[in-house]
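Visitor: What follows is model.csv, made up of CSV, C-alpha atoms and all ligand atoms:
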chain,number,residue,atom,x,y,z
L,1,MET,CA,91.6,103.9,-138.6
L,2,THR,CA,94.7,106.1,-138.9
L,3,GLY,CA,94.7,109.8,-139.8
L,4,ALA,CA,94.9,108.8,-143.5
L,5,VAL,CA,91.8,106.6,-142.9
L,6,ARG,CA,93.5,103.3,-143.5
L,7,HIS,CA,91.6,100.2,-142.3
L,8,LEU,CA,93.9,98.6,-139.7
L,9,ASP,CA,92.0,95.8,-138.1
L,10,GLY,CA,88.5,94.5,-137.2
L,11,PRO,CA,85.4,94.2,-139.3
L,12,ARG,CA,85.1,95.9,-142.6
L,13,PRO,CA,84.1,99.5,-142.1
L,14,THR,CA,80.7,100.7,-143.1
L,15,LYS,CA,80.2,102.1,-146.6
L,16,GLU,CA,79.6,105.4,-144.7
L,17,ALA,CA,83.2,105.5,-143.4
L,18,PHE,CA,84.0,108.2,-146.0
L,19,LEU,CA,81.8,110.6,-144.0
L,20,HIS,CA,83.9,110.0,-140.9
L,21,ALA,CA,87.0,110.6,-143.0
L,22,VAL,CA,85.9,114.0,-144.4
L,23,PHE,CA,85.2,115.2,-140.9
L,24,TYR,CA,88.7,114.2,-139.8
L,25,ARG,CA,90.1,116.0,-142.8
L,26,ALA,CA,88.1,119.2,-142.3
L,27,ARG,CA,88.5,119.4,-138.5
L,28,PRO,CA,92.1,118.7,-137.5
L,29,GLY,CA,91.1,118.9,-133.8
L,30,ALA,CA,88.5,116.1,-134.2
L,31,HIS,CA,89.5,112.7,-132.6
L,32,ALA,CA,86.0,111.1,-132.8
L,33,VAL,CA,83.2,111.1,-135.3
L,34,VAL,CA,79.8,109.7,-134.4
L,35,HIS,CA,76.9,109.0,-136.8
L,36,LEU,CA,73.5,107.7,-135.8
L,37,HIS,CA,70.1,106.9,-137.4
L,38,SER,CA,68.4,107.9,-134.1
L,39,THR,CA,64.7,108.2,-134.5
L,40,HIS,CA,63.9,111.9,-133.7
L,41,ALA,CA,66.9,113.4,-135.5
L,42,ALA,CA,66.1,111.2,-138.5
L,43,ALA,CA,62.5,112.5,-138.3
L,44,VAL,CA,63.7,116.1,-138.4
L,45,SER,CA,65.9,115.2,-141.4
L,46,CYS,CA,62.6,114.3,-143.2
L,47,LEU,CA,60.8,117.6,-142.5
L,48,ALA,CA,59.9,119.4,-145.8
L,49,ASP,CA,60.1,122.8,-144.1
L,50,ALA,CA,63.4,122.3,-142.2
L,51,ASP,CA,65.9,125.1,-142.7
L,52,PRO,CA,68.9,123.8,-144.6
L,53,ALA,CA,71.1,126.3,-142.8
L,54,ASN,CA,70.0,125.2,-139.4
L,55,ALA,CA,67.6,122.3,-139.0
L,56,LEU,CA,66.9,122.8,-135.2
L,57,PRO,CA,66.3,125.8,-133.1
L,58,PRO,CA,68.4,126.3,-129.9
L,59,LEU,CA,65.7,125.2,-127.5
L,60,THR,CA,68.0,124.5,-124.6
L,61,ALA,CA,71.3,125.9,-123.4
L,62,TYR,CA,73.1,122.6,-123.6
L,63,TYR,CA,72.0,122.2,-127.3
L,64,ALA,CA,73.4,125.8,-127.9
L,65,MET,CA,76.6,124.9,-126.1
L,66,ARG,CA,77.3,121.4,-127.5
L,67,VAL,CA,75.8,121.7,-131.0
L,68,GLY,CA,75.1,125.3,-132.0
L,69,THR,CA,74.1,125.3,-135.6
L,70,LEU,CA,73.0,122.1,-137.5
L,71,PRO,CA,73.1,122.4,-141.3
L,72,LEU,CA,70.9,120.0,-143.2
L,73,LEU,CA,72.8,118.4,-146.1
L,74,PRO,CA,70.8,117.3,-149.2
L,75,TYR,CA,69.7,113.7,-149.6
L,76,HIS,CA,72.2,111.2,-151.1
L,77,ALA,CA,71.8,107.4,-151.1
L,78,PRO,CA,73.9,105.7,-148.3
L,79,GLY,CA,77.5,105.2,-149.5
L,80,ASP,CA,77.1,107.9,-152.3
L,81,THR,CA,80.5,109.6,-152.1
L,82,ALA,CA,79.1,112.6,-153.9
L,83,LEU,CA,78.1,113.7,-150.4
L,84,GLY,CA,81.7,113.8,-149.4
L,85,PRO,CA,82.6,117.3,-150.7
L,86,LEU,CA,79.4,118.8,-149.3
L,87,ALA,CA,80.0,117.3,-145.9
L,88,GLU,CA,83.6,118.4,-145.9
L,89,GLU,CA,82.7,121.9,-146.7
L,90,ALA,CA,80.1,122.0,-143.9
L,91,ALA,CA,82.4,120.3,-141.5
L,92,ARG,CA,84.9,123.1,-141.8
L,93,SER,CA,82.6,125.4,-139.9
L,94,HIS,CA,80.3,123.0,-138.1
L,95,HIS,CA,81.1,120.0,-136.0
L,96,ALA,CA,77.5,118.7,-136.4
L,97,VAL,CA,75.5,118.1,-139.5
L,98,LEU,CA,72.2,116.4,-140.3
L,99,LEU,CA,71.9,114.3,-143.5
L,100,ALA,CA,68.5,114.6,-145.1
L,101,ASN,CA,66.3,111.5,-144.8
L,102,HIS,CA,69.1,109.9,-142.9
L,103,GLY,CA,70.6,111.1,-139.6
L,104,PRO,CA,73.2,113.2,-137.8
L,105,VAL,CA,77.0,113.1,-138.0
L,106,VAL,CA,78.9,114.8,-135.1
L,107,ALA,CA,82.7,115.3,-134.5
L,108,GLY,CA,84.4,116.0,-131.2
L,109,ALA,CA,87.8,116.4,-129.7
L,110,THR,CA,87.0,113.2,-127.8
L,111,LEU,CA,84.6,110.4,-128.2
L,112,GLU,CA,82.8,111.6,-125.0
L,113,GLN,CA,82.4,115.1,-126.5
L,114,ALA,CA,81.0,113.8,-129.8
L,115,ALA,CA,78.7,111.4,-128.0
L,116,ASP,CA,77.4,114.1,-125.7
L,117,ALA,CA,76.8,116.4,-128.7
L,118,ILE,CA,74.9,113.9,-130.8
L,119,GLU,CA,72.8,113.0,-127.7
L,120,GLU,CA,71.8,116.7,-127.6
L,121,VAL,CA,70.9,116.6,-131.2
L,122,GLU,CA,68.6,113.6,-130.6
L,123,GLU,CA,67.0,115.0,-127.4
L,124,THR,CA,66.5,118.5,-129.0
L,125,ALA,CA,64.9,116.8,-132.0
L,126,ARG,CA,62.6,115.0,-129.6
L,127,LEU,CA,61.7,118.3,-127.9
L,128,HIS,CA,61.1,119.9,-131.3
L,129,PHE,CA,58.3,117.4,-131.9
L,130,LEU,CA,57.0,117.6,-128.4
L,131,LEU,CA,56.6,121.3,-128.8
L,132,ARG,CA,55.1,121.3,-132.3
L,133,GLY,CA,51.8,123.2,-132.2
L,134,HIS,CA,52.9,125.1,-129.1
L,135,ARG,CA,54.3,128.6,-129.1
L,136,THR,CA,58.0,128.2,-128.1
L,137,ARG,CA,60.7,130.5,-126.9
L,138,PRO,CA,64.1,129.3,-128.1
L,139,LEU,CA,67.2,131.0,-126.9
L,140,THR,CA,67.6,134.4,-128.6
L,141,PRO,CA,70.5,134.6,-131.1
L,142,GLU,CA,72.5,136.6,-128.6
L,143,GLN,CA,71.9,134.0,-125.8
L,144,ALA,CA,72.8,131.2,-128.2
L,145,ALA,CA,75.9,133.0,-129.5
L,146,ALA,CA,77.2,133.7,-126.0
L,147,ILE,CA,77.5,130.0,-125.3
L,148,ALA,CA,78.0,128.6,-128.8
L,149,PRO,CA,80.8,126.1,-129.5
L,150,PRO,CA,84.1,127.7,-130.8
L,151,ILE,CA,84.6,128.0,-134.5
L,152,PRO,CA,87.9,126.7,-135.9
L,153,LEU,CA,89.8,129.5,-137.5
L,154,THR,CA,90.5,127.1,-140.4
L,155,ALA,CA,86.8,127.7,-141.3
L,156,GLY,CA,87.8,131.1,-142.8
L,157,ARG,CA,86.4,134.5,-142.2
L,158,ALA,CA,83.4,134.1,-144.5
L,159,ALA,CA,82.3,131.0,-142.7
L,160,VAL,CA,82.8,132.6,-139.3
L,161,ALA,CA,80.9,135.7,-140.4
L,162,ALA,CA,78.1,133.5,-141.7
L,163,LEU,CA,77.7,132.0,-138.2
L,164,LEU,CA,77.2,135.3,-136.5
L,165,PRO,CA,73.7,135.7,-135.0
L,166,THR,CA,71.1,137.4,-137.1
L,167,GLY,CA,71.4,141.2,-136.7
L,168,CYS,CA,75.1,141.1,-135.8
L,169,SER,CA,77.5,142.9,-138.0
L,170,PRO,CA,79.6,140.5,-140.2
L,171,ASN,CA,82.6,142.7,-139.3
L,172,PRO,CA,85.5,140.3,-138.3
L,173,SER,CA,86.5,142.9,-135.6
L,174,ARG,CA,83.7,141.4,-133.5
L,175,PHE,CA,86.1,138.6,-132.9
L,176,THR,CA,89.1,139.1,-130.7
L,177,CYS,CA,91.5,137.2,-133.0
L,178,LEU,CA,91.5,136.0,-136.6
L,179,THR,CA,95.2,135.7,-137.3
L,180,GLN,CA,96.6,132.3,-136.4
L,181,VAL,CA,95.3,128.8,-137.4
L,182,THR,CA,96.4,127.5,-134.0
L,183,GLN,CA,93.7,129.6,-132.4
L,184,ILE,CA,90.0,129.4,-132.3
L,185,CYS,CA,87.6,132.2,-132.6
L,186,LEU,CA,84.7,133.0,-130.3
L,187,PRO,CA,82.1,135.7,-130.6
L,188,LYS,CA,83.2,138.7,-128.6
L,189,SER,CA,80.4,138.1,-126.2
L,190,ARG,CA,82.6,135.4,-124.7
L,191,ASN,CA,85.4,137.8,-124.7
L,192,LYS,CA,88.2,135.4,-125.2
L,193,CYS,CA,90.3,133.8,-127.9
L,194,ASP,CA,92.7,131.1,-126.7
L,195,PRO,CA,95.0,128.6,-128.2
L,196,ILE,CA,93.1,125.3,-128.8
L,197,GLU,CA,95.0,123.5,-126.1
L,198,ARG,CA,93.8,126.0,-123.5
L,199,ALA,CA,90.3,126.3,-124.8
L,200,SER,CA,89.4,122.7,-125.3
L,201,PRO,CA,88.6,121.7,-121.7
L,202,SER,CA,86.0,124.4,-121.3
L,203,TRP,CA,84.0,123.2,-124.3
L,204,ARG,CA,84.1,119.5,-123.4
L,205,ARG,CA,81.2,120.1,-121.0
E,301,ZN,ZN,74.0,106.3,-141.9
Take the structure in this file and express it as structure tokens.

Guide:
Amino acid sequence: MTGAVRHLDGPRPTKEAFLHAVFYRARPGAHAVVHLHSTHAAAVSCLADADPANALPPLTAYYAMRVGTLPLLPYHAPGDTALGPLAEEAARSHHAVLLANHGPVVAGATLEQAADAIEEVEETARLHFLLRGHRTRPLTPEQAAAIAPPIPLTAGRAAVAALLPTGCSPNPSRFTCLTQVTQICLPKSRNKCDPIERASPSWRR
């Protein structure tokens, strides 16, 4: 598909292709979007008590690094384009979302990065069920924020502030830069704010 999401060749795209398109629109730095119906992530998407703002806790460091926060979008039948605007809004500030009673959608700067991140979603969902009934110790908000994926500035100040760890001031001065769309913002705990070109390699872990 091109940037305008025109079918060029090959088999007819899935009726869920519009979901990929909204991620490309919302995240200019995305060059790959992966969507799965993987078992454990789909199971989390069916939990009645899942937090719509963040469906999975940061159980491991690699989940916190590669995924961060995972909003749960409300159920829509497959192919229902009414999901498009909701997904596009969420994608501006999150590269990974979970569709209720369905599965995850994850964007990345490369296919490898998107695949690594969606694998973390699935494995963390599996851990989540393995640990059910046990007292768990997820990363603290500060530990998770210190290694969280960068937030595109195009997300806007409100969305960036909403992603600050609980207890942190929503004051944008916590970020080292908020002025140019060519830059990304990181919580100050990472103490840097670089042009996307320079920052990208470090978050393709
Ligand atoms: Zn699907």

Visitor: Could you list as a PyMOL selection string every residue that has an atom within 12 Å of (64.2, 115.0, -128.8), using the file's coordinates and counting only C-alpha atoms?

Guide: chain L and resi 38-44+56-57+59-60+63+118-132

Visitor: Between L:Pro74, L:Pro11, L:Ala87, L:His35, which has the minimum distance to Pro104 in chain L (counting all atoms listed in the file)?

Guide: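 Of L:Pro74, L:Pro11, L:Ala87, L:His35, the one nearest Pro104 in chain L, counting all atoms listed in the file, is L:His35.
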
Visitor: Pick from L:Ala64, L:Ala21, L:Leu73, L:Ala109: nearest to Arg6 in chain L, with all atoms listed in the file counted?

Guide: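 So, comparing all the options, the nearest one is L:Ala21.
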
Visitor: Just want the residues within 9 Å of ligand ZN 301 (chain E), written as a ChimeraX atom specification, counting only C-alpha atoms and all ligand atoms.

Guide: /L:14-16,35-37,78-79,99,102-105

Visitor: What would the file look like if the residues just selected were written as a PDB file, keeping the file's coordinate frame with C-alpha atoms?

Guide:
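Final output, saved to again.pdb:
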ATOM      1  CA  THR L  14      80.700 100.700-143.100  1.00  0.00           C
ATOM      2  CA  LYS L  15      80.200 102.100-146.600  1.00  0.00           C
ATOM      3  CA  GLU L  16      79.600 105.400-144.700  1.00  0.00           C
ATOM      4  CA  HIS L  35      76.900 109.000-136.800  1.00  0.00           C
ATOM      5  CA  LEU L  36      73.500 107.700-135.800  1.00  0.00           C
ATOM      6  CA  HIS L  37      70.100 106.900-137.400  1.00  0.00           C
ATOM      7  CA  PRO L  78      73.900 105.700-148.300  1.00  0.00           C
ATOM      8  CA  GLY L  79      77.500 105.200-149.500  1.00  0.00           C
ATOM      9  CA  LEU L  99      71.900 114.300-143.500  1.00  0.00           C
ATOM     10  CA  HIS L 102      69.100 109.900-142.900  1.00  0.00           C
ATOM     11  CA  GLY L 103      70.600 111.100-139.600  1.00  0.00           C
ATOM     12  CA  PRO L 104      73.200 113.200-137.800  1.00  0.00           C
ATOM     13  CA  VAL L 105      77.000 113.100-138.000  1.00  0.00           C
TER      14      VAL L 105
END

Visitor: How far is it from CA of Tyr24 in chain L to CA of Val97 in chain L, in Å with one decimal?

Guide: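 CA of Val97 in chain L lies at a distance of 13.8 Å from CA of Tyr24 in chain L.
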
Visitor: Calculate how many Å separate CA of Leu86 in chain L from CA of Arg27 in chain L, rounding to one decimal.

Guide: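 Atom-to-atom, CA of Leu86 in chain L to CA of Arg27 in chain L, that is 14.1 Å.
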
Visitor: Between CA of His134 in chain L and CA of Leu47 in chain L, what is the spacing in Å?

Guide: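 Result for CA of Leu47 in chain L versus CA of His134 in chain L: 17.3 Å, one decimal.
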
Visitor: Report as a PyMOL selection string all protein, DNA and RNA residues lying within 12 Å of Arg66 in chain L, evaluated on all atoms listed in the file, omitting residues in the same chain fewer than 6 positions from it.

Guide: chain L and resi 58+60+94-96+106-109+112-121+124+144-145+147-150+202-205

Visitor: I'd like to know which of L:Arg25, L:His7, L:His76, L:His31 is closest to Thr110 in chain L, using all atoms listed in the file.

Guide: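 Smallest separation from Thr110 in chain L among the options: L:His31.
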
Visitor: Would you mind telling me which residue in L:Gly68, L:Arg92, L:Val33, L:Leu98 lies nearest to Ala55 in chain L when using all atoms listed in the file?

Guide: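 Nearest to Ala55 in chain L: L:Leu98.
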
Visitor: Nearest residue to Pro85 in chain L out of L:Tyr62, L:Ala17, L:Leu8, L:Phe23, using only C-alpha atoms?

Guide: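 With only C-alpha atoms as the atom set, the closest residue is L:Phe23.
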